[in-house]
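Data block for target_3.cif (mmCIF, C-alpha atoms and all ligand atoms):
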data_model
loop_
_atom_site.group_PDB
_atom_site.id
_atom_site.type_symbol
_atom_site.label_atom_id
_atom_site.label_comp_id
_atom_site.auth_asym_id
_atom_site.auth_seq_id
_atom_site.Cartn_x
_atom_site.Cartn_y
_atom_site.Cartn_z
ATOM 1 C CA MET I 1 183.207 75.996 189.299
ATOM 2 C CA GLU I 2 179.960 77.409 190.665
ATOM 3 C CA TYR I 3 177.029 78.540 188.552
ATOM 4 C CA VAL I 4 173.971 80.443 189.674
ATOM 5 C CA LEU I 5 170.758 79.959 187.710
ATOM 6 C CA ALA I 6 167.786 82.230 188.307
ATOM 7 C CA ILE I 7 164.398 81.219 186.934
ATOM 8 C CA THR I 8 161.952 84.126 186.704
ATOM 9 C CA GLY I 9 158.336 84.518 185.669
ATOM 10 C CA ALA I 10 158.551 84.493 181.887
ATOM 11 C CA SER I 11 157.056 81.823 179.718
ATOM 12 C CA GLY I 12 159.541 79.121 178.713
ATOM 13 C CA LEU I 13 160.422 77.765 182.139
ATOM 14 C CA ALA I 14 161.508 74.638 180.262
ATOM 15 C CA TYR I 15 164.626 76.534 179.128
ATOM 16 C CA GLY I 16 165.637 77.111 182.734
ATOM 17 C CA VAL I 17 164.835 73.514 183.700
ATOM 18 C CA ASP I 18 166.940 72.174 180.813
ATOM 19 C CA ILE I 19 169.921 74.379 181.713
ATOM 20 C CA LEU I 20 169.603 73.403 185.365
ATOM 21 C CA LYS I 21 169.514 69.682 184.609
ATOM 22 C CA LYS I 22 172.531 69.814 182.288
ATOM 23 C CA LEU I 23 174.739 72.289 184.195
ATOM 24 C CA PRO I 24 177.729 70.687 185.851
ATOM 25 C CA SER I 25 178.052 71.151 189.615
ATOM 26 C CA LYS I 26 178.115 73.252 191.619
ATOM 27 C CA LYS I 27 174.747 74.782 190.772
ATOM 28 C CA VAL I 28 172.769 77.243 192.842
ATOM 29 C CA LEU I 29 169.121 77.833 191.952
ATOM 30 C CA ILE I 30 167.029 80.922 192.671
ATOM 31 C CA ILE I 31 163.328 80.812 191.839
ATOM 32 C CA SER I 32 161.277 84.001 191.795
ATOM 33 C CA ASN I 33 157.688 84.066 192.987
ATOM 34 C CA GLY I 34 156.723 85.007 189.436
ATOM 35 C CA ALA I 35 158.334 81.789 188.180
ATOM 36 C CA LEU I 36 156.345 79.734 190.674
ATOM 37 C CA GLU I 37 153.176 81.368 189.354
ATOM 38 C CA VAL I 38 154.066 80.599 185.720
ATOM 39 C CA ALA I 39 154.993 77.027 186.723
ATOM 40 C CA ARG I 40 151.385 76.443 187.768
ATOM 41 C CA TYR I 41 150.353 76.941 184.132
ATOM 42 C CA GLU I 42 153.364 75.641 182.206
ATOM 43 C CA LEU I 43 154.724 72.718 184.166
ATOM 44 C CA LYS I 44 151.398 71.519 185.557
ATOM 45 C CA GLY I 45 152.790 68.952 187.948
ATOM 46 C CA ARG I 46 155.263 67.495 185.434
ATOM 47 C CA VAL I 47 158.044 69.319 187.278
ATOM 48 C CA ASN I 48 157.075 70.639 190.680
ATOM 49 C CA GLU I 49 159.039 73.009 192.901
ATOM 50 C CA LYS I 50 160.530 70.127 194.901
ATOM 51 C CA THR I 51 161.731 68.305 191.766
ATOM 52 C CA LEU I 52 163.170 71.544 190.384
ATOM 53 C CA LYS I 53 165.106 72.173 193.580
ATOM 54 C CA SER I 54 166.363 68.573 193.584
ATOM 55 C CA TYR I 55 168.296 69.287 190.354
ATOM 56 C CA ALA I 56 170.356 71.962 192.173
ATOM 57 C CA ASP I 57 173.003 71.676 194.874
ATOM 58 C CA GLU I 58 171.487 74.651 196.715
ATOM 59 C CA SER I 59 168.248 76.531 196.116
ATOM 60 C CA TYR I 60 166.855 79.797 197.415
ATOM 61 C CA ASP I 61 163.594 81.686 197.258
ATOM 62 C CA GLU I 62 163.532 85.269 195.999
ATOM 63 C CA ASP I 63 163.342 86.787 199.487
ATOM 64 C CA ASP I 64 166.350 84.894 200.866
ATOM 65 C CA PHE I 65 168.778 87.800 201.200
ATOM 66 C CA GLY I 66 170.726 85.824 203.790
ATOM 67 C CA SER I 67 171.952 83.301 201.212
ATOM 68 C CA PRO I 68 175.684 83.262 200.347
ATOM 69 C CA VAL I 69 175.070 84.484 196.771
ATOM 70 C CA ALA I 70 173.459 87.675 198.115
ATOM 71 C CA SER I 71 176.940 88.981 198.951
ATOM 72 C CA GLY I 72 179.580 90.162 196.513
ATOM 73 C CA SER I 73 182.217 88.433 198.661
ATOM 74 C CA HIS I 74 180.798 85.054 197.644
ATOM 75 C CA LYS I 75 182.457 84.015 194.400
ATOM 76 C CA TYR I 76 180.767 82.198 191.561
ATOM 77 C CA ASP I 77 181.609 81.861 187.899
ATOM 78 C CA ALA I 78 178.453 82.902 186.084
ATOM 79 C CA LEU I 79 174.873 83.969 186.666
ATOM 80 C CA ILE I 80 172.291 82.793 184.152
ATOM 81 C CA ILE I 81 168.754 84.166 184.218
ATOM 82 C CA ALA I 82 166.561 81.847 182.133
ATOM 83 C CA PRO I 83 163.888 82.581 181.342
ATOM 84 C CA ALA I 84 164.233 86.265 182.237
ATOM 85 C CA SER I 85 161.014 88.238 182.549
ATOM 86 C CA MET I 86 160.824 91.808 181.343
ATOM 87 C CA ASN I 87 159.951 92.779 184.899
ATOM 88 C CA THR I 88 163.252 91.403 186.202
ATOM 89 C CA ILE I 89 165.195 92.852 183.254
ATOM 90 C CA GLY I 90 163.672 96.307 183.806
ATOM 91 C CA LYS I 91 164.573 96.247 187.481
ATOM 92 C CA ILE I 92 168.165 95.131 186.881
ATOM 93 C CA ALA I 93 168.590 97.796 184.181
ATOM 94 C CA ALA I 94 167.311 100.422 186.651
ATOM 95 C CA GLY I 95 169.701 99.277 189.382
ATOM 96 C CA ILE I 96 166.934 97.910 191.597
ATOM 97 C CA SER I 97 167.840 95.026 193.916
ATOM 98 C CA ASP I 98 164.546 94.205 195.582
ATOM 99 C CA ASN I 99 164.753 90.409 195.521
ATOM 100 C CA LEU I 100 167.499 87.805 195.423
ATOM 101 C CA VAL I 101 167.462 87.581 191.608
ATOM 102 C CA THR I 102 167.924 91.322 191.054
ATOM 103 C CA ARG I 103 170.411 91.531 193.950
ATOM 104 C CA VAL I 104 172.620 88.758 192.532
ATOM 105 C CA ALA I 105 172.391 90.314 189.059
ATOM 106 C CA SER I 106 173.530 93.695 190.384
ATOM 107 C CA ILE I 107 176.445 91.930 192.073
ATOM 108 C CA ALA I 108 177.357 90.137 188.832
ATOM 109 C CA LEU I 109 177.476 93.501 187.047
ATOM 110 C CA LYS I 110 179.465 95.338 189.712
ATOM 111 C CA GLU I 111 181.927 92.460 190.126
ATOM 112 C CA ARG I 112 182.231 92.128 186.336
ATOM 113 C CA ARG I 113 181.146 88.482 186.381
ATOM 114 C CA LYS I 114 179.442 86.716 183.515
ATOM 115 C CA LEU I 115 175.738 87.507 183.383
ATOM 116 C CA VAL I 116 173.707 85.639 180.785
ATOM 117 C CA ILE I 117 170.126 86.764 180.215
ATOM 118 C CA VAL I 118 167.773 84.513 178.248
ATOM 119 C CA PHE I 119 164.733 86.732 177.795
ATOM 120 C CA ARG I 120 161.265 85.898 176.487
ATOM 121 C CA GLU I 121 158.667 88.392 175.416
ATOM 122 C CA MET I 122 156.935 89.138 172.142
ATOM 123 C CA PRO I 123 156.746 91.732 170.754
ATOM 124 C CA LEU I 124 159.302 93.947 172.475
ATOM 125 C CA SER I 125 158.459 97.538 173.366
ATOM 126 C CA THR I 126 160.965 100.347 172.978
ATOM 127 C CA ILE I 127 161.358 100.282 176.759
ATOM 128 C CA HIS I 128 162.187 96.537 176.698
ATOM 129 C CA LEU I 129 164.746 97.161 173.956
ATOM 130 C CA ARG I 130 166.323 100.051 175.880
ATOM 131 C CA ASN I 131 166.566 97.928 179.027
ATOM 132 C CA LEU I 132 168.220 95.093 177.097
ATOM 133 C CA LEU I 133 170.656 97.574 175.524
ATOM 134 C CA THR I 134 171.469 99.002 178.956
ATOM 135 C CA LEU I 135 172.284 95.513 180.237
ATOM 136 C CA SER I 136 174.325 94.664 177.159
ATOM 137 C CA GLU I 137 176.314 97.890 177.572
ATOM 138 C CA ALA I 138 176.870 96.956 181.216
ATOM 139 C CA GLY I 139 178.449 93.677 180.086
ATOM 140 C CA ALA I 140 175.598 91.170 180.118
ATOM 141 C CA TYR I 141 175.169 88.587 177.366
ATOM 142 C CA ILE I 142 171.680 88.904 175.886
ATOM 143 C CA LEU I 143 170.166 85.736 174.398
ATOM 144 C CA PRO I 144 166.632 85.673 173.021
ATOM 145 C CA ALA I 145 164.827 82.449 173.824
ATOM 146 C CA SER I 146 164.586 81.728 170.123
ATOM 147 C CA PRO I 147 166.342 78.516 169.091
ATOM 148 C CA GLY I 148 167.614 78.062 165.548
ATOM 149 C CA PHE I 149 166.201 75.444 163.253
ATOM 150 C CA TYR I 150 169.252 74.726 161.106
ATOM 151 C CA HIS I 151 170.309 71.763 163.272
ATOM 152 C CA GLY I 152 167.123 69.927 162.257
ATOM 153 C CA PRO I 153 165.218 69.757 165.540
ATOM 154 C CA ALA I 154 162.733 66.878 165.663
ATOM 155 C CA LYS I 155 161.436 67.340 169.178
ATOM 156 C CA LEU I 156 161.082 69.898 171.961
ATOM 157 C CA GLU I 157 164.244 68.577 173.617
ATOM 158 C CA ASP I 158 166.255 69.564 170.513
ATOM 159 C CA LEU I 159 164.990 73.157 170.722
ATOM 160 C CA LEU I 160 165.837 73.361 174.419
ATOM 161 C CA SER I 161 169.286 71.881 173.775
ATOM 162 C CA PHE I 162 170.000 74.596 171.192
ATOM 163 C CA VAL I 163 169.513 77.382 173.748
ATOM 164 C CA THR I 164 171.278 75.457 176.528
ATOM 165 C CA SER I 165 174.230 74.836 174.207
ATOM 166 C CA ARG I 166 174.573 78.551 173.423
ATOM 167 C CA VAL I 167 174.415 79.425 177.122
ATOM 168 C CA PHE I 168 177.068 76.790 177.914
ATOM 169 C CA ASP I 169 179.337 78.120 175.143
ATOM 170 C CA ILE I 170 179.224 81.552 176.782
ATOM 171 C CA ILE I 171 179.934 80.357 180.315
ATOM 172 C CA GLY I 172 182.634 77.958 179.112
ATOM 173 C CA VAL I 173 180.942 74.599 179.704
ATOM 174 C CA GLU I 174 182.128 72.086 177.084
ATOM 175 C CA ASN I 175 179.139 70.486 175.403
ATOM 176 C CA LYS I 176 178.019 68.477 172.423
ATOM 177 C CA LEU I 177 174.335 69.212 172.910
ATOM 178 C CA ILE I 178 173.726 70.096 169.274
ATOM 179 C CA LYS I 179 175.227 69.282 165.919
ATOM 180 C CA ARG I 180 177.255 72.387 165.131
ATOM 181 C CA TRP I 181 177.235 74.154 161.812
ATOM 182 C CA GLY I 182 180.050 72.752 159.695
ATOM 183 C CA ASP I 183 180.364 69.483 161.689
HETATM 184 C C1 LIG K 201 151.434 82.259 182.489
HETATM 185 C C2 LIG K 201 152.260 83.509 182.525
HETATM 186 C C3 LIG K 201 153.169 83.747 181.510
HETATM 187 C C4 LIG K 201 153.963 84.903 181.517
HETATM 188 N N1 LIG K 201 154.866 85.085 180.511
HETATM 189 C C5 LIG K 201 155.690 86.143 180.531
HETATM 190 C C6 LIG K 201 156.698 86.285 179.533
HETATM 191 O O1 LIG K 201 156.851 85.458 178.629
HETATM 192 N N2 LIG K 201 157.534 87.346 179.614
HETATM 193 C C7 LIG K 201 157.434 88.272 180.620
HETATM 194 O O2 LIG K 201 158.249 89.198 180.623
HETATM 195 N N3 LIG K 201 156.469 88.172 181.584
HETATM 196 C C8 LIG K 201 155.605 87.133 181.568
HETATM 197 N N4 LIG K 201 154.643 87.000 182.540
HETATM 198 C C9 LIG K 201 154.487 88.071 183.535
HETATM 199 C C10 LIG K 201 155.472 87.938 184.699
HETATM 200 O O3 LIG K 201 155.327 86.662 185.314
HETATM 201 C C11 LIG K 201 155.235 89.065 185.731
HETATM 202 O O4 LIG K 201 155.639 90.294 185.173
HETATM 203 C C12 LIG K 201 155.932 88.823 187.049
HETATM 204 O O5 LIG K 201 155.758 89.950 187.876
HETATM 205 C C13 LIG K 201 157.403 88.561 186.877
HETATM 206 O O6 LIG K 201 158.003 88.430 188.153
HETATM 207 P P1 LIG K 201 159.560 88.141 188.306
HETATM 208 O O7 LIG K 201 160.269 88.984 187.304
HETATM 209 O O8 LIG K 201 159.880 88.562 189.714
HETATM 210 O O9 LIG K 201 159.757 86.687 188.123
HETATM 211 C C14 LIG K 201 153.828 85.853 182.566
HETATM 212 C C15 LIG K 201 152.918 85.595 183.583
HETATM 213 C C16 LIG K 201 152.142 84.438 183.574
HETATM 214 C C17 LIG K 201 151.172 84.182 184.698
#
Kindly present the structure from the file in structure tokens form.
Ligand SMILES: Cc1cc2nc3c(=O)[nH]c(=O)nc-3n(C[C@H](O)[C@H](O)[C@H](O)COP(=O)(O)O)c2cc1C
Amino acid sequence: MEYVLAITGASGLAYGVDILKKLPSKKVLIISNGALEVARYELKGRVNEKTLKSYADESYDEDDFGSPVASGSHKYDALIIAPASMNTIGKIAAGISDNLVTRVASIALKERRKLVIVFREMPLSTIHLRNLLTLSEAGAYILPASPGFYHGPAKLEDLLSFVTSRVFDIIGVENKLIKRWGD
């Protein structure tokens, strides 16, 4: 199995880091320039770019159109964008492929592969909502970065695990990251 994780410039980079750390191999990481900018504020040296890349088997910058994942002939099982910025979502919904994240997303849609979008913005404009609807209609799974509280989270890790668990359920990665309802 091969999974591609794109981290873009929305708040909540910790969601992407958690998914990356817990994903089984093989995992390919793409980091947008916007994500690197947000990392300066949110991760503040706790997780730097080098550490982030060390969690992946391969990693690419947003302008690396020569990477294997930039071609539809390269097979992978799922693309996860977490967190997904509204900028990236708007571009994918408009069919724009101007960096490696939007290029790989357009491939996922045309090849009918699993595309999981964990977005974060608040509030949402009508344009954001339309873009998310467009992507949902095109086959993407849309997950708000809004963990539930019914599993009794005690720490940040529990909130991250909730979202990671839901992503893994969609892409078919067995997990016991959270206590499930009814267990
Ligand atoms: C600290 C910080 C937090 C941000 N948070 C968000 C956010 O939660 N959602 C969002 O859509 N954009 C957010 N932005 C704006 C995006 O980073 C910006 O639109 C950027 O162009 C996104 O680039 P990318 O989509 O190529 O990663 C934030 C920017 C900064 C600096």
- Query: Contacts of I:Ile89 at 10 Å or less, counting all atoms listed in the file, minus same-chain residues fewer than 4 places along, as a list in words?
  - Reply: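 Counting all atoms listed in the file, the residues come to Thr8, Ile81, Ala84, Ser85, Ala93, Ala94, Gly95, Ile96, Thr102, Ala105, Ile117, Phe119, His128, Asn131, Leu132, Thr134 and Leu135 of chain I.
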Hits of the PyMOL selection byres (((chain I and resi 148-165) around 8) and not hetatm) in this structure, as an mmCIF file with C-alpha atoms, in the frame of the given file:
data_model
loop_
_atom_site.group_PDB
_atom_site.id
_atom_site.type_symbol
_atom_site.label_atom_id
_atom_site.label_comp_id
_atom_site.auth_asym_id
_atom_site.auth_seq_id
_atom_site.Cartn_x
_atom_site.Cartn_y
_atom_site.Cartn_z
ATOM 1 C CA ALA I 14 161.508 74.638 180.262
ATOM 2 C CA TYR I 15 164.626 76.534 179.128
ATOM 3 C CA ASP I 18 166.940 72.174 180.813
ATOM 4 C CA ILE I 19 169.921 74.379 181.713
ATOM 5 C CA ALA I 145 164.827 82.449 173.824
ATOM 6 C CA SER I 146 164.586 81.728 170.123
ATOM 7 C CA PRO I 147 166.342 78.516 169.091
ATOM 8 C CA ARG I 166 174.573 78.551 173.423
ATOM 9 C CA VAL I 167 174.415 79.425 177.122
ATOM 10 C CA PHE I 168 177.068 76.790 177.914
ATOM 11 C CA ASP I 169 179.337 78.120 175.143
ATOM 12 C CA ASN I 175 179.139 70.486 175.403
ATOM 13 C CA LYS I 176 178.019 68.477 172.423
ATOM 14 C CA LEU I 177 174.335 69.212 172.910
ATOM 15 C CA ILE I 178 173.726 70.096 169.274
ATOM 16 C CA LYS I 179 175.227 69.282 165.919
ATOM 17 C CA ARG I 180 177.255 72.387 165.131
ATOM 18 C CA TRP I 181 177.235 74.154 161.812
#
- Near I:Gly66, counting only C-alpha atoms, which residues have an atom at most 12 Å away, once you skip same-chain residues fewer than 5 positions from it, shown as a PyMOL selection string? chain I and resi 60-61+71+74+99-100+103-104
- Message: Could you check the closest approach to ligand LIG 201 (chain K) for each of I:Ala78, I:Leu13, I:Leu129, I:Leu143 and tell me which residue wins, using only C-alpha atoms and all ligand atoms?
- Response: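 Smallest distance to ligand LIG 201 (chain K) is found for I:Leu13.
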- Nearest candidate to I:Pro68 (options I:Leu29, I:Ile142, I:Glu174, I:Arg46; using all atoms listed in the file):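 Of all the options, I:Leu29 lies closest to I:Pro68.
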- Task: Give as a ChimeraX atom specification the residues surrounding ligand LIG 201 (chain K) up to a distance of 6 Å, considering only C-alpha atoms and all ligand atoms.
- Result: /I:8-11,32-35,37-38,41,85-88,120-121
- Query: Using all atoms listed in the file, which of the listed residues (I:Val69, I:Leu20, I:Ile170, I:Ala82) sits closest to I:Ser54?
  - Reply: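 Using all atoms listed in the file, the shortest distance to I:Ser54 belongs to I:Leu20.
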- Message: Can you measure atom CA of I:Ala140 to atom CA of I:Gly72 for me? One decimal in Å is fine.
- Response: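 Between atom CA of I:Ala140 and atom CA of I:Gly72 the gap works out to 16.9 Å.
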- How many Å lie between atom CA of I:Lys75 and atom CA of I:Lys26, rounded to one decimal?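 If I compute the distance from atom CA of I:Lys75 to atom CA of I:Lys26, I get 11.9 Å.
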- Å distance separating atom CA of I:Glu42 from atom CA of I:Val4, one decimal place: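 Distance between the two atoms: 22.4 Å.
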- Query: Which one of I:Leu133, I:Val118, I:Ile127, I:Val173 sits closest to I:Lys22 if you count all atoms listed in the file?
  - Reply: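 Closest candidate: I:Val173.
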- Query: At a cut-off of 12 Å from (180.9, 98.7, 188.6) in the coordinates of the file, what residues are picked up using all atoms listed in the file, written as a PyMOL selection string?
  - Reply: chain I and resi 72+95+105-113+137-139
- Using all atoms listed in the file, which of I:Glu2, I:Asp77, I:Asp98, I:Asp183 sits nearest I:Ala56?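 Smallest separation from I:Ala56 among the options: I:Glu2.
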